[in-house]
$ cat run.cif   # mmCIF, C-alpha atoms
data_entry
loop_
_atom_site.group_PDB
_atom_site.id
_atom_site.type_symbol
_atom_site.label_atom_id
_atom_site.label_comp_id
_atom_site.auth_asym_id
_atom_site.auth_seq_id
_atom_site.Cartn_x
_atom_site.Cartn_y
_atom_site.Cartn_z
ATOM 1 C CA MET R 5 79.798 138.806 175.396
ATOM 2 C CA PHE R 6 79.786 135.000 175.123
ATOM 3 C CA ARG R 7 77.289 134.702 177.986
ATOM 4 C CA LEU R 8 75.323 131.478 178.476
ATOM 5 C CA ASP R 9 73.029 132.513 181.309
ATOM 6 C CA GLY R 10 70.048 130.238 181.847
ATOM 7 C CA GLN R 11 71.312 127.580 179.447
ATOM 8 C CA LEU R 12 72.045 123.933 180.206
ATOM 9 C CA ALA R 13 75.296 122.579 178.772
ATOM 10 C CA LEU R 14 76.117 118.865 178.876
ATOM 11 C CA VAL R 15 79.861 118.171 178.772
ATOM 12 C CA THR R 16 80.977 114.578 178.287
ATOM 13 C CA GLY R 17 84.427 113.495 179.398
ATOM 14 C CA ALA R 18 84.227 116.153 182.117
ATOM 15 C CA SER R 19 86.414 114.145 184.481
ATOM 16 C CA GLY R 20 89.453 114.734 182.235
ATOM 17 C CA GLY R 21 91.620 117.823 181.825
ATOM 18 C CA ILE R 22 90.059 119.260 178.669
ATOM 19 C CA GLY R 23 86.507 118.364 179.660
ATOM 20 C CA ALA R 24 86.894 119.916 183.100
ATOM 21 C CA ALA R 25 88.302 123.115 181.562
ATOM 22 C CA ILE R 26 85.351 123.298 179.158
ATOM 23 C CA ALA R 27 82.899 122.837 182.016
ATOM 24 C CA ARG R 28 84.598 125.525 184.123
ATOM 25 C CA THR R 29 84.599 127.984 181.234
ATOM 26 C CA LEU R 30 80.940 127.464 180.318
ATOM 27 C CA HIS R 31 79.949 127.629 183.981
ATOM 28 C CA ARG R 32 81.896 130.856 184.470
ATOM 29 C CA GLN R 33 79.915 132.367 181.600
ATOM 30 C CA GLY R 34 76.605 131.578 183.274
ATOM 31 C CA ALA R 35 75.713 128.101 182.021
ATOM 32 C CA THR R 36 74.318 125.360 184.193
ATOM 33 C CA VAL R 37 76.572 122.389 183.485
ATOM 34 C CA ALA R 38 75.855 118.665 183.508
ATOM 35 C CA LEU R 39 79.148 116.874 184.033
ATOM 36 C CA SER R 40 79.416 113.417 182.512
ATOM 37 C CA GLY R 41 82.138 110.797 182.594
ATOM 38 C CA THR R 42 82.889 107.396 184.045
ATOM 39 C CA ARG R 43 84.736 108.534 187.193
ATOM 40 C CA ARG R 44 82.045 109.554 189.676
ATOM 41 C CA GLU R 45 84.470 110.868 192.294
ATOM 42 C CA ALA R 46 86.132 113.246 189.840
ATOM 43 C CA LEU R 47 82.740 114.503 188.634
ATOM 44 C CA ASP R 48 81.533 115.079 192.195
ATOM 45 C CA ALA R 49 84.733 116.966 193.028
ATOM 46 C CA LEU R 50 84.348 119.224 189.995
ATOM 47 C CA ALA R 51 80.672 119.839 190.765
ATOM 48 C CA ALA R 52 81.589 120.783 194.351
ATOM 49 C CA GLU R 53 84.283 123.154 193.068
ATOM 50 C CA LEU R 54 81.852 124.876 190.720
ATOM 51 C CA ASP R 55 79.148 125.033 193.394
ATOM 52 C CA GLU R 56 81.466 127.085 195.573
ATOM 53 C CA ALA R 57 81.457 129.799 192.920
ATOM 54 C CA ALA R 58 77.776 129.561 191.974
ATOM 55 C CA PRO R 59 75.655 127.057 193.899
ATOM 56 C CA GLY R 60 73.135 124.901 192.094
ATOM 57 C CA ARG R 61 74.525 125.166 188.566
ATOM 58 C CA ALA R 62 76.670 122.014 188.393
ATOM 59 C CA HIS R 63 75.383 118.443 188.335
ATOM 60 C CA ALA R 64 77.318 115.172 188.150
ATOM 61 C CA CYS R 65 75.730 112.804 185.626
ATOM 62 C CA PRO R 66 77.997 109.761 185.247
ATOM 63 C CA ALA R 67 77.579 107.573 182.172
ATOM 64 C CA ASP R 68 79.485 104.901 180.292
ATOM 65 C CA LEU R 69 79.126 105.899 176.650
ATOM 66 C CA ALA R 70 80.358 102.490 175.510
ATOM 67 C CA ASP R 71 76.796 101.385 176.334
ATOM 68 C CA PRO R 72 74.549 102.172 173.322
ATOM 69 C CA ALA R 73 71.646 102.897 175.688
ATOM 70 C CA ALA R 74 73.588 105.502 177.704
ATOM 71 C CA PRO R 75 73.082 108.607 175.508
ATOM 72 C CA ASP R 76 69.275 108.638 175.753
ATOM 73 C CA LEU R 77 69.472 108.128 179.508
ATOM 74 C CA LEU R 78 72.199 110.752 179.918
ATOM 75 C CA VAL R 79 70.325 113.571 178.197
ATOM 76 C CA ALA R 80 67.215 112.783 180.255
ATOM 77 C CA ALA R 81 69.250 112.675 183.482
ATOM 78 C CA ALA R 82 70.954 115.998 182.726
ATOM 79 C CA GLU R 83 67.667 117.768 182.015
ATOM 80 C CA ALA R 84 66.051 116.270 185.110
ATOM 81 C CA ALA R 85 68.953 117.263 187.359
ATOM 82 C CA ALA R 86 69.082 120.823 186.077
ATOM 83 C CA GLY R 87 65.378 121.386 185.510
ATOM 84 C CA LEU R 88 66.264 122.920 182.138
ATOM 85 C CA PRO R 89 66.156 121.795 178.504
ATOM 86 C CA LEU R 90 69.484 120.953 176.931
ATOM 87 C CA GLN R 91 70.774 123.897 174.910
ATOM 88 C CA VAL R 92 74.483 123.038 174.460
ATOM 89 C CA LEU R 93 75.937 119.569 173.891
ATOM 90 C CA VAL R 94 79.720 119.215 174.054
ATOM 91 C CA ASN R 95 80.903 115.818 172.802
ATOM 92 C CA ASN R 96 84.300 115.612 174.455
ATOM 93 C CA ALA R 97 84.518 112.042 175.797
ATOM 94 C CA GLY R 98 86.952 109.761 174.040
ATOM 95 C CA LEU R 99 89.430 106.952 174.426
ATOM 96 C CA THR R 100 92.477 105.613 172.631
ATOM 97 C CA ARG R 101 93.711 102.069 171.970
ATOM 98 C CA ASP R 102 96.919 102.827 170.102
ATOM 99 C CA THR R 103 98.915 100.259 168.182
ATOM 100 C CA LEU R 104 100.127 99.739 164.638
ATOM 101 C CA ALA R 105 97.430 98.613 162.212
ATOM 102 C CA LEU R 106 99.044 95.213 161.648
ATOM 103 C CA ARG R 107 98.707 94.523 165.375
ATOM 104 C CA MET R 108 95.340 96.184 165.971
ATOM 105 C CA LYS R 109 92.640 93.803 167.149
ATOM 106 C CA ASP R 110 89.054 94.193 166.009
ATOM 107 C CA ALA R 111 88.107 94.877 169.620
ATOM 108 C CA ASP R 112 90.512 97.833 169.764
ATOM 109 C CA TRP R 113 89.110 99.249 166.529
ATOM 110 C CA SER R 114 85.512 98.816 167.669
ATOM 111 C CA ALA R 115 86.015 100.188 171.181
ATOM 112 C CA VAL R 116 87.438 103.476 169.901
ATOM 113 C CA LEU R 117 84.841 103.907 167.147
ATOM 114 C CA GLU R 118 82.061 103.167 169.622
ATOM 115 C CA VAL R 119 83.022 105.823 172.177
ATOM 116 C CA ASP R 120 84.637 108.425 169.914
ATOM 117 C CA LEU R 121 82.165 108.369 167.009
ATOM 118 C CA ALA R 122 79.024 106.296 167.621
ATOM 119 C CA ALA R 123 78.364 107.772 171.074
ATOM 120 C CA PRO R 124 78.604 111.403 169.856
ATOM 121 C CA PHE R 125 76.170 110.540 167.077
ATOM 122 C CA ARG R 126 73.713 108.974 169.512
ATOM 123 C CA LEU R 127 74.003 111.931 171.884
ATOM 124 C CA ALA R 128 73.483 114.398 169.046
ATOM 125 C CA ARG R 129 70.483 112.438 167.790
ATOM 126 C CA THR R 130 68.912 112.482 171.248
ATOM 127 C CA ALA R 131 69.706 116.144 171.915
ATOM 128 C CA LEU R 132 68.371 117.217 168.528
ATOM 129 C CA ARG R 133 64.880 115.937 169.281
ATOM 130 C CA GLY R 134 64.374 118.715 171.806
ATOM 131 C CA MET R 135 66.494 121.284 170.008
ATOM 132 C CA VAL R 136 64.473 120.920 166.798
ATOM 133 C CA ARG R 137 61.220 121.450 168.703
ATOM 134 C CA ARG R 138 62.636 124.571 170.348
ATOM 135 C CA ARG R 139 64.351 125.695 167.129
ATOM 136 C CA SER R 140 67.543 126.437 169.045
ATOM 137 C CA GLY R 141 70.692 124.627 170.115
ATOM 138 C CA ARG R 142 74.426 124.188 169.865
ATOM 139 C CA ILE R 143 76.384 120.979 169.326
ATOM 140 C CA VAL R 144 80.169 121.170 169.614
ATOM 141 C CA SER R 145 82.288 118.042 169.197
ATOM 142 C CA ILE R 146 85.954 117.696 170.085
ATOM 143 C CA ALA R 147 87.920 116.053 167.282
ATOM 144 C CA SER R 148 91.718 116.141 166.949
ATOM 145 C CA ILE R 149 94.555 117.227 164.712
ATOM 146 C CA VAL R 150 94.994 113.481 164.159
ATOM 147 C CA GLY R 151 91.653 113.412 162.341
ATOM 148 C CA ILE R 152 93.167 115.849 159.819
ATOM 149 C CA THR R 153 96.749 114.631 159.496
ATOM 150 C CA GLY R 154 96.576 110.981 160.544
ATOM 151 C CA ASN R 155 99.108 109.482 162.923
ATOM 152 C CA ALA R 156 100.996 106.199 162.894
ATOM 153 C CA GLY R 157 99.609 103.804 165.476
ATOM 154 C CA GLN R 158 96.259 105.584 165.677
ATOM 155 C CA ALA R 159 94.265 104.355 162.688
ATOM 156 C CA ASN R 160 91.190 103.781 164.869
ATOM 157 C CA TYR R 161 91.397 107.156 166.641
ATOM 158 C CA ALA R 162 92.128 109.072 163.417
ATOM 159 C CA ALA R 163 89.206 107.388 161.664
ATOM 160 C CA ALA R 164 86.853 108.247 164.530
ATOM 161 C CA LYS R 165 87.930 111.891 164.671
ATOM 162 C CA ALA R 166 87.784 112.331 160.895
ATOM 163 C CA GLY R 167 84.345 110.727 160.983
ATOM 164 C CA LEU R 168 83.267 113.174 163.667
ATOM 165 C CA ILE R 169 84.090 116.075 161.341
ATOM 166 C CA GLY R 170 82.135 114.577 158.435
ATOM 167 C CA MET R 171 79.212 113.691 160.651
ATOM 168 C CA SER R 172 79.054 117.218 162.052
ATOM 169 C CA LYS R 173 78.979 118.753 158.573
ATOM 170 C CA SER R 174 76.064 116.498 157.632
ATOM 171 C CA LEU R 175 74.131 117.300 160.806
ATOM 172 C CA ALA R 176 74.776 121.011 160.298
ATOM 173 C CA GLN R 177 73.106 120.813 156.900
ATOM 174 C CA GLU R 178 70.150 118.875 158.281
ATOM 175 C CA VAL R 179 69.287 121.161 161.203
ATOM 176 C CA GLY R 180 70.525 124.602 160.179
ATOM 177 C CA SER R 181 67.029 125.683 159.167
ATOM 178 C CA ARG R 182 65.925 125.027 162.756
ATOM 179 C CA GLY R 183 68.357 127.526 164.254
ATOM 180 C CA ILE R 184 70.776 124.826 165.459
ATOM 181 C CA THR R 185 74.505 124.958 164.816
ATOM 182 C CA VAL R 186 76.830 121.951 164.721
ATOM 183 C CA ASN R 187 80.581 122.549 164.834
ATOM 184 C CA VAL R 188 83.885 120.903 165.701
ATOM 185 C CA VAL R 189 86.979 121.939 167.628
ATOM 186 C CA ALA R 190 90.109 120.043 166.544
ATOM 187 C CA PRO R 191 92.861 120.461 169.167
ATOM 188 C CA GLY R 192 96.511 119.834 168.515
ATOM 189 C CA PHE R 193 98.842 118.597 171.228
ATOM 190 C CA VAL R 194 97.548 119.821 174.569
ATOM 191 C CA ALA R 195 99.369 119.629 177.897
ATOM 192 C CA THR R 196 97.355 117.072 179.857
ATOM 193 C CA ALA R 197 98.153 114.101 182.075
ATOM 194 C CA MET R 198 98.500 112.021 178.904
ATOM 195 C CA THR R 199 101.137 114.250 177.292
ATOM 196 C CA GLU R 200 102.908 114.753 180.605
ATOM 197 C CA SER R 201 103.783 111.069 180.455
ATOM 198 C CA LEU R 202 105.936 111.730 177.374
ATOM 199 C CA GLY R 203 109.659 112.069 177.851
ATOM 200 C CA ALA R 204 111.353 115.465 177.750
ATOM 201 C CA GLU R 205 112.883 114.689 174.352
ATOM 202 C CA GLN R 206 109.489 113.755 172.873
ATOM 203 C CA ARG R 207 107.894 116.922 174.224
ATOM 204 C CA ALA R 208 110.730 119.025 172.817
ATOM 205 C CA ARG R 209 110.239 117.480 169.364
ATOM 206 C CA LEU R 210 106.532 118.188 169.519
ATOM 207 C CA GLN R 211 107.042 121.811 170.505
ATOM 208 C CA ALA R 212 109.587 122.307 167.745
ATOM 209 C CA ALA R 213 106.904 121.335 165.214
ATOM 210 C CA ILE R 214 104.452 123.956 166.524
ATOM 211 C CA PRO R 215 104.899 127.430 164.958
ATOM 212 C CA LEU R 216 103.636 129.161 168.127
ATOM 213 C CA GLY R 217 106.335 127.348 170.074
ATOM 214 C CA ARG R 218 104.316 125.741 172.847
ATOM 215 C CA MET R 219 101.841 122.996 173.522
ATOM 216 C CA GLY R 220 98.247 124.013 174.009
ATOM 217 C CA THR R 221 96.397 124.173 177.300
ATOM 218 C CA PRO R 222 92.927 122.858 178.142
ATOM 219 C CA ASP R 223 91.817 126.482 178.433
ATOM 220 C CA ASP R 224 92.824 127.110 174.799
ATOM 221 C CA VAL R 225 90.352 124.430 173.763
ATOM 222 C CA ALA R 226 87.689 125.583 176.221
ATOM 223 C CA SER R 227 87.752 129.124 174.836
ATOM 224 C CA ALA R 228 87.060 127.822 171.334
ATOM 225 C CA VAL R 229 84.151 125.740 172.624
ATOM 226 C CA LEU R 230 82.726 128.757 174.451
ATOM 227 C CA TYR R 231 82.733 130.817 171.261
ATOM 228 C CA LEU R 232 80.946 128.116 169.265
ATOM 229 C CA ALA R 233 78.391 127.622 172.064
ATOM 230 C CA SER R 234 77.582 131.315 172.268
ATOM 231 C CA ALA R 235 75.120 133.550 170.448
ATOM 232 C CA GLU R 236 78.089 135.336 168.867
ATOM 233 C CA ALA R 237 78.722 132.208 166.750
ATOM 234 C CA GLY R 238 75.144 132.091 165.526
ATOM 235 C CA TRP R 239 76.205 132.241 161.858
ATOM 236 C CA VAL R 240 78.906 129.579 162.168
ATOM 237 C CA THR R 241 77.936 125.988 161.424
ATOM 238 C CA GLY R 242 79.556 122.955 159.839
ATOM 239 C CA ALA R 243 82.934 124.455 160.714
ATOM 240 C CA THR R 244 86.052 122.894 162.179
ATOM 241 C CA LEU R 245 87.990 125.297 164.385
ATOM 242 C CA HIS R 246 91.641 124.215 164.459
ATOM 243 C CA VAL R 247 93.286 124.931 167.801
ATOM 244 C CA ASN R 248 96.787 123.592 167.296
ATOM 245 C CA GLY R 249 99.305 126.439 167.439
ATOM 246 C CA GLY R 250 99.722 126.279 163.682
ATOM 247 C CA MET R 251 100.988 122.705 163.629
ATOM 248 C CA ALA R 252 98.489 121.862 160.872
ATOM 249 C CA MET R 253 96.954 124.647 158.843
ATOM 250 C CA SER R 254 93.922 124.445 156.581
#
$ encode --input "run.cif" --output "C-alpha cells"
Amino acid sequence: MFRLDGQLALVTGASGGIGAAIARTLHRQGATVALSGTRREALDALAAELDEAAPGRAHACPADLADPAAPDLLVAAAEAAAGLPLQVLVNNAGLTRDTLALRMKDADWSAVLEVDLAAPFRLARTALRGMVRRRSGRIVSIASIVGITGNAGQANYAAAKAGLIGMSKSLAQEVGSRGITVNVVAPGFVATAMTESLGAEQRARLQAAIPLGRMGTPDDVASAVLYLASAEAGWVTGATLHVNGGMAMS
C-alpha cells in the first residue's frame, strides 16, 4: 500500500526539515527522488544518506526558485538525472519575511509571493505538460494553517499560502479529466529548526492551543504527502488536507 515504485518525485525545499522528511518517506516507498533546494551541501548529504539504503534513486538538483527561469530548468534536470518522467511534484519550498503590514516593504511582499506562490505555479505548469501527455500525475503543494487562519505579521506568507490553495483547486478542475490530481497539505505548527528558536513559554502557549497536545513532526506532514501521491488517493483532488493537531478545523 502507498507504493511509488518506478516513479520520479521532485521535492522542492528538500534541504529543510519537512522537505527532507517528505523525500525520505517517498524514497522509502520506492520512489526515485529529485532533491531541490538552494543549499547544495545539504542536498548532497541527503542524497548520500538515501543512496546508502537504495543506491541510484536520489539525485541532488539545486535551484533558486526566486529565478523565474528556474522551474523549467529544474524539471528538465530532474528527469535527466533520474532517466524517468516526472510523476509526482511536491511544492514544498518557501520563505518568510515576517513583519507587521505597516512596516512591510514591497520587496518583502514580492519575495515571499515569488517563491511561495509564483514558483509553485511555474513548476506545476511545467510538470503538467508531460503529465497531460501521459494522462497521469500527482501535484502536492505544502500550504500552511496560516493560509486558513491568517497570522499577525505574516500578511505576505498568509496570502501566498491561501493563494496556493485556490490555485490548486483551479488546476485540479483543469486537469482532472487527464488522470492528474492536484492537492494541498496545510501543516500547523511543526517542530523544526525554526520553531525550536521559540522560547519555552511561546512553545507552551502553542501546544496549549492544539487539541492533540503536541506540535507536529516533519513525518506527520510527510505521511500526508505520501497518501496524496499514491494510487490510493486516486479519487482525491482539489482537496486541502489539514495536518495541524486540531488547532484549526474545517
$ closest_atom_pairs --input "run.cif" --of "stretch 84-137 of chain R" --to "stretch 36-48 of chain R" --cutoff "10 Å" --atoms "only C-alpha atoms" --output "Markdown table"
| residue | atom | partner | partner_atom | distance |
| --- | --- | --- | --- | --- |
| R:Ala85 | CA | R:Ala38 | CA | 8.0 |
| R:Ala86 | CA | R:Thr36 | CA | 7.2 |
| R:Gly87 | CA | R:Thr36 | CA | 9.9 |
| R:Leu88 | CA | R:Thr36 | CA | 8.7 |
| R:Leu90 | CA | R:Ala38 | CA | 9.4 |
| R:Val92 | CA | R:Val37 | CA | 9.3 |
| R:Leu93 | CA | R:Ala38 | CA | 9.7 |
| R:Asn96 | CA | R:Ser40 | CA | 9.7 |
| R:Ala97 | CA | R:Gly41 | CA | 7.3 |
| R:Gly98 | CA | R:Gly41 | CA | 9.9 |
$ atom_distance --input "run.cif" --atom1 "atom CA of R:Gly249" --atom2 "atom CA of R:Thr185"
25.0 Å
$ atom_distance --input "run.cif" --atom1 "atom CA of R:His31" --atom2 "atom CA of R:Ala18"
12.4 Å
$ resolve_selection --input "run.cif" --expression "the PyMOL selection byres ((chain R and resi 244) around 10)" --output "mmCIF file with C-alpha atoms, keeping the file's coordinate frame"
data_model
loop_
_atom_site.group_PDB
_atom_site.id
_atom_site.type_symbol
_atom_site.label_atom_id
_atom_site.label_comp_id
_atom_site.auth_asym_id
_atom_site.auth_seq_id
_atom_site.Cartn_x
_atom_site.Cartn_y
_atom_site.Cartn_z
ATOM 1 C CA VAL R 144 80.169 121.170 169.614
ATOM 2 C CA SER R 145 82.288 118.042 169.197
ATOM 3 C CA ILE R 146 85.954 117.696 170.085
ATOM 4 C CA ALA R 147 87.920 116.053 167.282
ATOM 5 C CA ILE R 169 84.090 116.075 161.341
ATOM 6 C CA GLY R 170 82.135 114.577 158.435
ATOM 7 C CA SER R 172 79.054 117.218 162.052
ATOM 8 C CA LYS R 173 78.979 118.753 158.573
ATOM 9 C CA VAL R 186 76.830 121.951 164.721
ATOM 10 C CA ASN R 187 80.581 122.549 164.834
ATOM 11 C CA VAL R 188 83.885 120.903 165.701
ATOM 12 C CA VAL R 189 86.979 121.939 167.628
ATOM 13 C CA ALA R 190 90.109 120.043 166.544
ATOM 14 C CA VAL R 240 78.906 129.579 162.168
ATOM 15 C CA THR R 241 77.936 125.988 161.424
ATOM 16 C CA GLY R 242 79.556 122.955 159.839
ATOM 17 C CA ALA R 243 82.934 124.455 160.714
ATOM 18 C CA LEU R 245 87.990 125.297 164.385
ATOM 19 C CA HIS R 246 91.641 124.215 164.459
ATOM 20 C CA VAL R 247 93.286 124.931 167.801
ATOM 21 C CA SER R 254 93.922 124.445 156.581
#
$ closest_residue --input "run.cif" --among "R:Thr196, R:Ser234, R:Gln33, R:Ser148" --to "R:Thr221" --atoms "all atoms listed in the file"
R:Thr196
$ atom_distance --input "run.cif" --atom1 "atom CA of R:Asp102" --atom2 "atom CA of R:Ala115"
11.3 Å
$ closest_residue --input "run.cif" --among "R:Ile149, R:Ala13, R:Ala156, R:Leu69" --to "R:Val119" --atoms "only C-alpha atoms"
R:Leu69
$ closest_residue --input "run.cif" --among "R:Gly151, R:Ala105, R:Leu14, R:Cys65" --to "R:Ala128" --atoms "only C-alpha atoms"
R:Leu14
$ resolve_selection --input "run.cif" --expression "the PyMOL selection byres ((chain R and resi 78) around 10)" --output "list in words"
Leu14, Thr16, Ala38, Ser40, Cys65, Pro66, Ala67, Asp68, Leu69, Ala73, Ala74, Pro75, Asp76, Leu77, Val79, Ala80, Ala81, Ala82, Glu83, Ala84, Leu127, Thr130 and Ala131 of chain R
$ residues_around --input "run.cif" --residues "R:Ala51" --least-positions-apart "4" --cutoff "7 Å" --atoms "all atoms listed in the file" --output "VMD selection string"
chain R and resid 47 55 62 to 64
$ resolve_selection --input "run.cif" --expression "the PyMOL selection byres ((chain R and resi 230) around 12)" --output "short mmCIF file (atom, residue, chain, number, x, y, z; two decimals) with C-alpha atoms, keeping the file's coordinate frame"
data_model
loop_
_atom_site.label_atom_id
_atom_site.label_comp_id
_atom_site.auth_asym_id
_atom_site.auth_seq_id
_atom_site.Cartn_x
_atom_site.Cartn_y
_atom_site.Cartn_z
CA MET R 5 79.80 138.81 175.40
CA PHE R 6 79.79 135.00 175.12
CA ARG R 7 77.29 134.70 177.99
CA LEU R 8 75.32 131.48 178.48
CA ALA R 13 75.30 122.58 178.77
CA VAL R 15 79.86 118.17 178.77
CA ALA R 25 88.30 123.12 181.56
CA ILE R 26 85.35 123.30 179.16
CA ALA R 27 82.90 122.84 182.02
CA ARG R 28 84.60 125.52 184.12
CA THR R 29 84.60 127.98 181.23
CA LEU R 30 80.94 127.46 180.32
CA HIS R 31 79.95 127.63 183.98
CA ARG R 32 81.90 130.86 184.47
CA GLN R 33 79.92 132.37 181.60
CA GLY R 34 76.60 131.58 183.27
CA ALA R 35 75.71 128.10 182.02
CA VAL R 92 74.48 123.04 174.46
CA LEU R 93 75.94 119.57 173.89
CA VAL R 94 79.72 119.22 174.05
CA ARG R 142 74.43 124.19 169.86
CA ILE R 143 76.38 120.98 169.33
CA VAL R 144 80.17 121.17 169.61
CA SER R 145 82.29 118.04 169.20
CA ASN R 187 80.58 122.55 164.83
CA VAL R 188 83.88 120.90 165.70
CA VAL R 189 86.98 121.94 167.63
CA ASP R 223 91.82 126.48 178.43
CA ASP R 224 92.82 127.11 174.80
CA VAL R 225 90.35 124.43 173.76
CA ALA R 226 87.69 125.58 176.22
CA SER R 227 87.75 129.12 174.84
CA ALA R 228 87.06 127.82 171.33
CA VAL R 229 84.15 125.74 172.62
CA TYR R 231 82.73 130.82 171.26
CA LEU R 232 80.95 128.12 169.26
CA ALA R 233 78.39 127.62 172.06
CA SER R 234 77.58 131.32 172.27
CA ALA R 235 75.12 133.55 170.45
CA GLU R 236 78.09 135.34 168.87
CA ALA R 237 78.72 132.21 166.75
CA LEU R 245 87.99 125.30 164.38
#
$ residues_near_point --input "run.cif" --point "(100.9, 126.2, 161.9)" --cutoff "10 Å" --atoms "only C-alpha atoms" --output "list in words"
Ala213, Ile214, Pro215, Leu216, Gly217, His246, Val247, Asn248, Gly249, Gly250, Met251, Ala252, Met253 and Ser254 of chain R
$ residues_near_point --input "run.cif" --point "(84.4, 107.5, 164.9)" --cutoff "7 Å" --atoms "only C-alpha atoms" --output "VMD selection string"
chain R and resid 117 to 118 120 to 122 163 to 165 167 to 168
$ residues_around --input "run.cif" --residues "R:Met219" --least-positions-apart "4" --cutoff "7 Å" --atoms "all atoms listed in the file" --output "list in words"
Phe193, Val194, Ala195 and Gln211 of chain R
$ write_last_selection --input "run.cif" --atoms "C-alpha atoms" --output "mmCIF file, in the frame of the given file"
data_model
loop_
_atom_site.group_PDB
_atom_site.id
_atom_site.type_symbol
_atom_site.label_atom_id
_atom_site.label_comp_id
_atom_site.auth_asym_id
_atom_site.auth_seq_id
_atom_site.Cartn_x
_atom_site.Cartn_y
_atom_site.Cartn_z
ATOM 1 C CA PHE R 193 98.842 118.597 171.228
ATOM 2 C CA VAL R 194 97.548 119.821 174.569
ATOM 3 C CA ALA R 195 99.369 119.629 177.897
ATOM 4 C CA GLN R 211 107.042 121.811 170.505
#
$ closest_residue --input "run.cif" --among "R:Ala70, R:Phe125, R:Gly141, R:Leu99" --to "R:Ser174" --atoms "all atoms listed in the file"
R:Phe125
$ axis_aligned_box --input "run.cif" --around "stretch 87-97 of chain R" --padding-each-side "5 Å" --output "lines of an AutoDock Vina configuration file"
center_x = 74.9
center_y = 118.0
center_z = 179.2
size_x = 29.1
size_y = 21.9
size_z = 22.7
